[in-house]
Amino acid sequence: TCALPILSVVLLMVFMSGCVLTENTRKAAFELPALELQGGSSDAIVVGILDERPYVVSGDKPAKYIGQFQLSMGDPYDAFTQSKQPMVTEFSNRLPSLLTKKFPNIQTVLLDVGLSKQDAVKTLLEAGAPKVALITLKEWKSLTAVDTSLWFDAQLEVFNTEKQLLSYKRTQGHDTFGGAVIAGPITNAKRTLPHAFRQKMQALFSDPLVAASLTSQKAEPIAVRAIDDTREPEVITLDPEKPRVCTVELILYWKNAGMPDQEILSKCSSVKQ
């Protein structure tokens, strides 16, 4: 006769502990540790994220679109940010906690969808910092059922006040993150995607050239580093219309930015290894 009350108590305890674990897991998903960055630090930095996903720029999908959810039965359906704000707004709100340790006075600036790169850099520089970092999302969407698949293409570029490019880093690919069957796609996405964002920001900001350009007072523009330093000073030119001796670094940057091969060839008279 005592078995049923005891069993009821045990089940209640399991249920309550499960609620606590679920709540702790939910909180942990949003508490992202700061990025692990080497080298020096810089007091002032302005960062902006530009959404260049083609289906968002065209208007086929809203800026709050993050991908799709899929239940065990049925077709996938569109998924949006929890806040219903643009995806890059939520990402921008996470950046200070990720970067404040290295950049105490970090400032984020929201950039409108469809803004050109030139106008985006101009907008960031209006904040008054000596250097700005522009993160461009060419692709970022997920599909979550139990596991979460993420397709991403993100590029980080650092500019000085003269709008000269100091460094860049690009990361792109397709990752799959595990989830819990009992949790459902929405919960799995909430637990996984913030950490995926941190992972990609770690890949961008930990690049040695990016770190040096953000913290060094005398970071040289890529265009200057691209010129063959064996030439006489009077021969060196930054005229974009005149072929130059280009470094592999500069050629890869142009290639990643989508410049056609023929245009790259027209800009470079030869390649410096």
# chains A, B, ... in the order shown; residues from 1 in each chain; ligands from 1
call {"tool": "closest_atom_pairs", "arguments": {"of": "region 69-186 of chain A", "to": "region 211-225 of chain A", "cutoff": "6 Å", "atoms": "only C-alpha atoms", "output": "JSON lines"}}
result
{"residue": "A:Gln164", "atom": "CA", "partner": "A:Pro221", "partner_atom": "CA", "distance": 5.8}
{"residue": "A:Leu165", "atom": "CA", "partner": "A:Pro221", "partner_atom": "CA", "distance": 5.4}
{"residue": "A:Leu166", "atom": "CA", "partner": "A:Pro221", "partner_atom": "CA", "distance": 4.3}
call {"tool": "write_last_selection", "arguments": {"atoms": "all heavy atoms", "output": "PDB file, in the first residue's frame"}}
result
ATOM      1  N   GLN A 164      41.372  52.232 -45.767  1.00  0.00           N
ATOM      2  CA  GLN A 164      42.312  51.266 -46.330  1.00  0.00           C
ATOM      3  C   GLN A 164      42.163  49.931 -45.604  1.00  0.00           C
ATOM      4  O   GLN A 164      42.058  49.888 -44.381  1.00  0.00           O
ATOM      5  CB  GLN A 164      43.746  51.780 -46.191  1.00  0.00           C
ATOM      6  CG  GLN A 164      44.024  53.039 -46.988  1.00  0.00           C
ATOM      7  CD  GLN A 164      45.373  53.631 -46.663  1.00  0.00           C
ATOM      8  OE1 GLN A 164      45.729  53.799 -45.488  1.00  0.00           O
ATOM      9  NE2 GLN A 164      46.145  53.964 -47.696  1.00  0.00           N
ATOM     10  N   LEU A 165      42.167  48.868 -46.376  1.00  0.00           N
ATOM     11  CA  LEU A 165      42.032  47.529 -45.806  1.00  0.00           C
ATOM     12  C   LEU A 165      43.325  47.106 -45.122  1.00  0.00           C
ATOM     13  O   LEU A 165      44.394  47.091 -45.733  1.00  0.00           O
ATOM     14  CB  LEU A 165      41.682  46.528 -46.908  1.00  0.00           C
ATOM     15  CG  LEU A 165      41.498  45.074 -46.481  1.00  0.00           C
ATOM     16  CD1 LEU A 165      40.272  44.923 -45.595  1.00  0.00           C
ATOM     17  CD2 LEU A 165      41.391  44.168 -47.705  1.00  0.00           C
ATOM     18  N   LEU A 166      43.235  46.757 -43.836  1.00  0.00           N
ATOM     19  CA  LEU A 166      44.415  46.358 -43.065  1.00  0.00           C
ATOM     20  C   LEU A 166      44.559  44.844 -42.984  1.00  0.00           C
ATOM     21  O   LEU A 166      45.677  44.325 -42.956  1.00  0.00           O
ATOM     22  CB  LEU A 166      44.330  46.937 -41.646  1.00  0.00           C
ATOM     23  CG  LEU A 166      44.199  48.452 -41.525  1.00  0.00           C
ATOM     24  CD1 LEU A 166      44.162  48.857 -40.052  1.00  0.00           C
ATOM     25  CD2 LEU A 166      45.346  49.164 -42.237  1.00  0.00           C
TER      26      LEU A 166
END
call {"tool": "select_by_dssp", "arguments": {"residues": "region 70-196 of chain A", "states": "helix (DSSP H, G or I)", "output": "compact mmCIF listing (two decimals) with all heavy atoms, in the first residue's frame"}}
result
# COMPACT_ATOMS: atom_id res chain seq x y z
N MET A 87 18.53 39.14 -37.70
CA MET A 87 19.52 38.22 -37.18
C MET A 87 20.82 38.93 -36.81
O MET A 87 21.42 38.65 -35.77
CB MET A 87 19.80 37.12 -38.20
CG MET A 87 20.75 36.03 -37.72
SD MET A 87 21.15 34.83 -39.01
CE MET A 87 22.26 35.82 -40.05
N VAL A 88 21.27 39.86 -37.66
CA VAL A 88 22.54 40.53 -37.38
C VAL A 88 22.43 41.46 -36.17
O VAL A 88 23.44 41.77 -35.54
CB VAL A 88 23.05 41.31 -38.62
CG1 VAL A 88 23.38 40.36 -39.75
CG2 VAL A 88 22.06 42.36 -39.07
N THR A 89 21.22 41.90 -35.85
CA THR A 89 21.03 42.70 -34.63
C THR A 89 21.29 41.84 -33.40
O THR A 89 21.97 42.27 -32.45
CB THR A 89 19.61 43.29 -34.58
OG1 THR A 89 19.41 44.16 -35.69
CG2 THR A 89 19.40 44.09 -33.29
N GLU A 90 20.73 40.63 -33.39
CA GLU A 90 21.00 39.73 -32.27
C GLU A 90 22.48 39.39 -32.18
O GLU A 90 23.06 39.33 -31.09
CB GLU A 90 20.17 38.45 -32.42
CG GLU A 90 18.69 38.64 -32.14
CD GLU A 90 17.99 37.33 -31.83
OE1 GLU A 90 18.60 36.25 -32.03
OE2 GLU A 90 16.82 37.38 -31.38
N PHE A 91 23.12 39.16 -33.34
CA PHE A 91 24.55 38.86 -33.34
C PHE A 91 25.34 40.06 -32.81
O PHE A 91 26.29 39.89 -32.04
CB PHE A 91 25.01 38.52 -34.76
CG PHE A 91 24.60 37.14 -35.22
CD1 PHE A 91 24.80 36.74 -36.54
CD2 PHE A 91 24.03 36.23 -34.35
CE1 PHE A 91 24.44 35.47 -36.96
CE2 PHE A 91 23.65 34.96 -34.76
CZ PHE A 91 23.86 34.58 -36.08
N SER A 92 24.99 41.26 -33.24
CA SER A 92 25.69 42.47 -32.79
C SER A 92 25.57 42.63 -31.28
O SER A 92 26.51 43.08 -30.62
CB SER A 92 25.12 43.70 -33.50
OG SER A 92 25.36 43.65 -34.89
N ASN A 93 24.42 42.27 -30.73
CA ASN A 93 24.22 42.39 -29.29
C ASN A 93 25.09 41.41 -28.51
O ASN A 93 25.36 41.61 -27.32
CB ASN A 93 22.75 42.15 -28.95
CG ASN A 93 21.85 43.28 -29.44
OD1 ASN A 93 22.32 44.40 -29.69
ND2 ASN A 93 20.57 42.99 -29.61
N ARG A 94 25.53 40.33 -29.16
CA ARG A 94 26.38 39.34 -28.49
C ARG A 94 27.87 39.72 -28.56
O ARG A 94 28.66 39.24 -27.74
CB ARG A 94 26.20 37.96 -29.13
CG ARG A 94 24.82 37.36 -28.94
CD ARG A 94 24.78 35.93 -29.46
NE ARG A 94 23.43 35.36 -29.38
CZ ARG A 94 22.88 34.87 -28.28
NH1 ARG A 94 23.58 34.87 -27.16
NH2 ARG A 94 21.66 34.38 -28.29
N LEU A 95 28.24 40.54 -29.52
CA LEU A 95 29.66 40.83 -29.73
C LEU A 95 30.36 41.47 -28.52
O LEU A 95 31.50 41.10 -28.22
CB LEU A 95 29.84 41.71 -30.97
CG LEU A 95 29.72 40.99 -32.31
CD1 LEU A 95 29.79 42.00 -33.45
CD2 LEU A 95 30.82 39.95 -32.46
N PRO A 96 29.76 42.44 -27.84
CA PRO A 96 30.47 43.05 -26.71
C PRO A 96 30.93 42.04 -25.66
O PRO A 96 32.06 42.11 -25.17
CB PRO A 96 29.46 44.05 -26.15
CG PRO A 96 28.63 44.43 -27.32
CD PRO A 96 28.50 43.17 -28.14
N SER A 97 30.06 41.09 -25.30
CA SER A 97 30.45 40.10 -24.28
C SER A 97 31.57 39.20 -24.79
O SER A 97 32.37 38.68 -23.99
CB SER A 97 29.24 39.26 -23.87
OG SER A 97 28.75 38.50 -24.97
N LEU A 98 31.65 39.00 -26.10
CA LEU A 98 32.70 38.15 -26.66
C LEU A 98 34.03 38.89 -26.76
O LEU A 98 35.09 38.27 -26.67
CB LEU A 98 32.29 37.66 -28.05
CG LEU A 98 31.06 36.76 -28.15
CD1 LEU A 98 30.79 36.40 -29.61
CD2 LEU A 98 31.25 35.49 -27.32
N LEU A 99 34.00 40.22 -26.93
CA LEU A 99 35.21 40.97 -27.25
C LEU A 99 35.65 41.97 -26.20
O LEU A 99 36.75 42.51 -26.30
CB LEU A 99 35.02 41.70 -28.59
CG LEU A 99 34.88 40.81 -29.83
CD1 LEU A 99 34.40 41.64 -31.01
CD2 LEU A 99 36.19 40.13 -30.16
N LYS A 117 29.43 47.86 -49.32
CA LYS A 117 30.57 47.76 -48.41
C LYS A 117 31.17 49.14 -48.14
O LYS A 117 31.53 49.46 -47.00
CB LYS A 117 31.63 46.84 -49.00
CG LYS A 117 32.86 46.67 -48.11
CD LYS A 117 33.87 45.72 -48.69
CE LYS A 117 33.34 44.32 -48.72
NZ LYS A 117 34.36 43.34 -49.14
N GLN A 118 31.26 49.96 -49.18
CA GLN A 118 31.82 51.30 -49.01
C GLN A 118 31.00 52.12 -48.02
O GLN A 118 31.54 52.80 -47.14
CB GLN A 118 31.89 52.02 -50.36
CG GLN A 118 32.91 51.45 -51.34
CD GLN A 118 32.43 50.14 -52.00
OE1 GLN A 118 31.26 49.76 -51.88
NE2 GLN A 118 33.35 49.46 -52.67
N ASP A 119 29.68 52.07 -48.16
CA ASP A 119 28.82 52.83 -47.25
C ASP A 119 28.84 52.23 -45.85
O ASP A 119 28.71 52.96 -44.85
CB ASP A 119 27.39 52.85 -47.78
CG ASP A 119 27.23 53.75 -49.00
OD1 ASP A 119 28.10 54.63 -49.20
OD2 ASP A 119 26.27 53.56 -49.76
N ALA A 120 29.00 50.91 -45.75
CA ALA A 120 29.08 50.28 -44.44
C ALA A 120 30.33 50.74 -43.69
O ALA A 120 30.27 51.08 -42.51
CB ALA A 120 29.08 48.76 -44.59
N VAL A 121 31.47 50.77 -44.39
CA VAL A 121 32.71 51.23 -43.77
C VAL A 121 32.59 52.70 -43.38
O VAL A 121 33.02 53.11 -42.29
CB VAL A 121 33.90 51.03 -44.74
CG1 VAL A 121 35.17 51.66 -44.16
CG2 VAL A 121 34.12 49.54 -44.99
N LYS A 122 32.00 53.50 -44.25
CA LYS A 122 31.79 54.93 -43.95
C LYS A 122 30.95 55.10 -42.69
O LYS A 122 31.26 55.92 -41.82
CB LYS A 122 31.11 55.62 -45.13
CG LYS A 122 30.82 57.09 -44.90
CD LYS A 122 30.11 57.69 -46.11
CE LYS A 122 29.76 59.17 -45.85
NZ LYS A 122 29.02 59.76 -46.99
N THR A 123 29.88 54.30 -42.57
CA THR A 123 29.01 54.37 -41.40
C THR A 123 29.76 54.00 -40.13
O THR A 123 29.61 54.66 -39.09
CB THR A 123 27.80 53.43 -41.58
OG1 THR A 123 27.07 53.82 -42.74
CG2 THR A 123 26.88 53.49 -40.37
N LEU A 124 30.59 52.97 -40.20
CA LEU A 124 31.36 52.56 -39.02
C LEU A 124 32.36 53.62 -38.62
O LEU A 124 32.55 53.90 -37.42
CB LEU A 124 32.08 51.23 -39.31
CG LEU A 124 31.20 50.01 -39.55
CD1 LEU A 124 32.05 48.79 -39.88
CD2 LEU A 124 30.33 49.72 -38.33
N LEU A 125 33.01 54.24 -39.59
CA LEU A 125 34.03 55.25 -39.29
C LEU A 125 33.42 56.50 -38.67
O LEU A 125 34.10 57.24 -37.96
CB LEU A 125 34.80 55.62 -40.56
CG LEU A 125 35.79 54.57 -41.06
CD1 LEU A 125 36.34 54.95 -42.42
CD2 LEU A 125 36.94 54.39 -40.06
N PRO A 185 13.15 20.78 -32.09
CA PRO A 185 14.03 21.62 -32.91
C PRO A 185 14.24 23.03 -32.37
O PRO A 185 15.34 23.58 -32.46
CB PRO A 185 13.33 21.64 -34.27
CG PRO A 185 11.90 21.29 -33.99
CD PRO A 185 11.95 20.35 -32.84
N ILE A 186 13.20 23.65 -31.82
CA ILE A 186 13.34 25.03 -31.35
C ILE A 186 14.32 25.10 -30.19
O ILE A 186 15.23 25.94 -30.16
CB ILE A 186 11.96 25.60 -30.95
CG1 ILE A 186 11.05 25.67 -32.17
CG2 ILE A 186 12.12 26.99 -30.33
CD1 ILE A 186 9.64 26.14 -31.88
N THR A 187 14.17 24.21 -29.23
CA THR A 187 15.08 24.19 -28.07
C THR A 187 16.50 23.84 -28.50
O THR A 187 17.47 24.43 -28.03
CB THR A 187 14.58 23.20 -27.01
OG1 THR A 187 13.27 23.60 -26.58
CG2 THR A 187 15.52 23.18 -25.81
N ASN A 188 16.63 22.86 -29.39
CA ASN A 188 17.96 22.48 -29.87
C ASN A 188 18.66 23.65 -30.55
O ASN A 188 19.86 23.88 -30.37
CB ASN A 188 17.85 21.29 -30.82
CG ASN A 188 17.69 19.97 -30.08
OD1 ASN A 188 18.19 19.80 -28.97
ND2 ASN A 188 16.98 19.04 -30.69
N ALA A 189 17.90 24.40 -31.34
CA ALA A 189 18.49 25.55 -32.03
C ALA A 189 18.92 26.63 -31.03
O ALA A 189 19.99 27.23 -31.17
CB ALA A 189 17.49 26.13 -33.03
N LYS A 190 18.09 26.87 -30.01
CA LYS A 190 18.44 27.88 -29.00
C LYS A 190 19.71 27.50 -28.25
O LYS A 190 20.49 28.37 -27.86
CB LYS A 190 17.28 28.04 -28.01
CG LYS A 190 16.06 28.76 -28.57
CD LYS A 190 14.98 28.86 -27.50
CE LYS A 190 13.75 29.57 -28.03
NZ LYS A 190 12.69 29.65 -26.99
N ARG A 191 19.92 26.21 -28.05
CA ARG A 191 21.10 25.76 -27.32
C ARG A 191 22.35 25.77 -28.20
O ARG A 191 23.46 26.00 -27.72
CB ARG A 191 20.88 24.34 -26.80
CG ARG A 191 19.82 24.22 -25.72
CD ARG A 191 19.56 22.77 -25.38
NE ARG A 191 18.57 22.61 -24.32
CZ ARG A 191 18.09 21.45 -23.92
NH1 ARG A 191 18.50 20.33 -24.50
NH2 ARG A 191 17.21 21.39 -22.95
N THR A 192 22.17 25.53 -29.49
CA THR A 192 23.31 25.29 -30.38
C THR A 192 23.80 26.53 -31.10
O THR A 192 25.00 26.80 -31.15
CB THR A 192 22.93 24.21 -31.42
OG1 THR A 192 22.57 23.01 -30.74
CG2 THR A 192 24.09 23.94 -32.36
N LEU A 193 22.89 27.30 -31.67
CA LEU A 193 23.28 28.37 -32.59
C LEU A 193 24.10 29.50 -31.94
O LEU A 193 25.02 30.01 -32.58
CB LEU A 193 22.04 28.94 -33.29
CG LEU A 193 21.36 27.95 -34.25
CD1 LEU A 193 20.12 28.58 -34.87
CD2 LEU A 193 22.33 27.51 -35.35
N PRO A 194 23.82 29.90 -30.69
CA PRO A 194 24.69 30.91 -30.09
C PRO A 194 26.14 30.46 -29.98
O PRO A 194 27.07 31.25 -30.22
CB PRO A 194 24.07 31.12 -28.70
CG PRO A 194 22.64 30.74 -28.88
CD PRO A 194 22.65 29.60 -29.84
N HIS A 195 26.35 29.20 -29.65
CA HIS A 195 27.71 28.69 -29.54
C HIS A 195 28.37 28.54 -30.91
O HIS A 195 29.59 28.71 -31.05
CB HIS A 195 27.71 27.35 -28.79
CG HIS A 195 27.33 27.49 -27.35
ND1 HIS A 195 28.21 27.90 -26.37
CD2 HIS A 195 26.13 27.30 -26.73
CE1 HIS A 195 27.58 27.94 -25.21
NE2 HIS A 195 26.32 27.59 -25.40
N ALA A 196 27.55 28.25 -31.93
CA ALA A 196 28.08 28.20 -33.30
C ALA A 196 28.55 29.58 -33.73
O ALA A 196 29.60 29.72 -34.39
CB ALA A 196 27.02 27.67 -34.25
call {"tool": "residues_around", "arguments": {"residues": "Ile106 (chain A)", "least_positions_apart": "6", "cutoff": "6 Å", "atoms": "only C-alpha atoms", "output": "PyMOL selection string"}}
result
chain A and resi 44-46
call {"tool": "residues_around", "arguments": {"residues": "region 70-83 of chain A", "least_positions_apart": "3", "cutoff": "9 Å", "atoms": "only C-alpha atoms", "output": "list in words"}}
result
Pro62, Ala63, Lys64, Tyr65, Ile66, Gly67, Pro86, Met87, Glu90, Ser142, Leu143, Thr144, Ala145, Val146, Gly184, Pro185, Ile186 and Lys190 of chain A
call {"tool": "closest_residue", "arguments": {"among": "A:Lys101, A:Tyr253, A:Ser149, A:Leu137", "to": "Gln38 (chain A)", "atoms": "only C-alpha atoms"}}
result
A:Lys101
call {"tool": "closest_residue", "arguments": {"among": "A:Glu52, A:Asp175, A:Ser167, A:Val47", "to": "Gly128 (chain A)", "atoms": "only C-alpha atoms"}}
result
A:Val47
call {"tool": "atom_distance", "arguments": {"atom1": "CA of His174 (chain A)", "atom2": "CA of Pro208 (chain A)"}}
result
23.6 Å
call {"tool": "atom_distance", "arguments": {"atom1": "CA of Gln172 (chain A)", "atom2": "CA of Glu126 (chain A)"}}
result
29.4 Å
call {"tool": "atom_distance", "arguments": {"atom1": "CA of Ile135 (chain A)", "atom2": "CA of Gln68 (chain A)"}}
result
23.2 Å
call {"tool": "closest_residue", "arguments": {"among": "A:Leu209, A:Leu252, A:Gly48, A:Arg198", "to": "Leu115 (chain A)", "atoms": "only C-alpha atoms"}}
result
A:Gly48
call {"tool": "select_by_dssp", "arguments": {"residues": "region 79-260 of chain A", "states": "strand (DSSP E)", "output": "PyMOL selection string"}}
result
chain A and resi 79-80+105-110+131-144+148-160+165-177+244-247
call {"tool": "closest_residue", "arguments": {"among": "A:Arg170, A:Phe177, A:Tyr55, A:Met201", "to": "Trp254 (chain A)", "atoms": "only C-alpha atoms"}}
result
A:Arg170
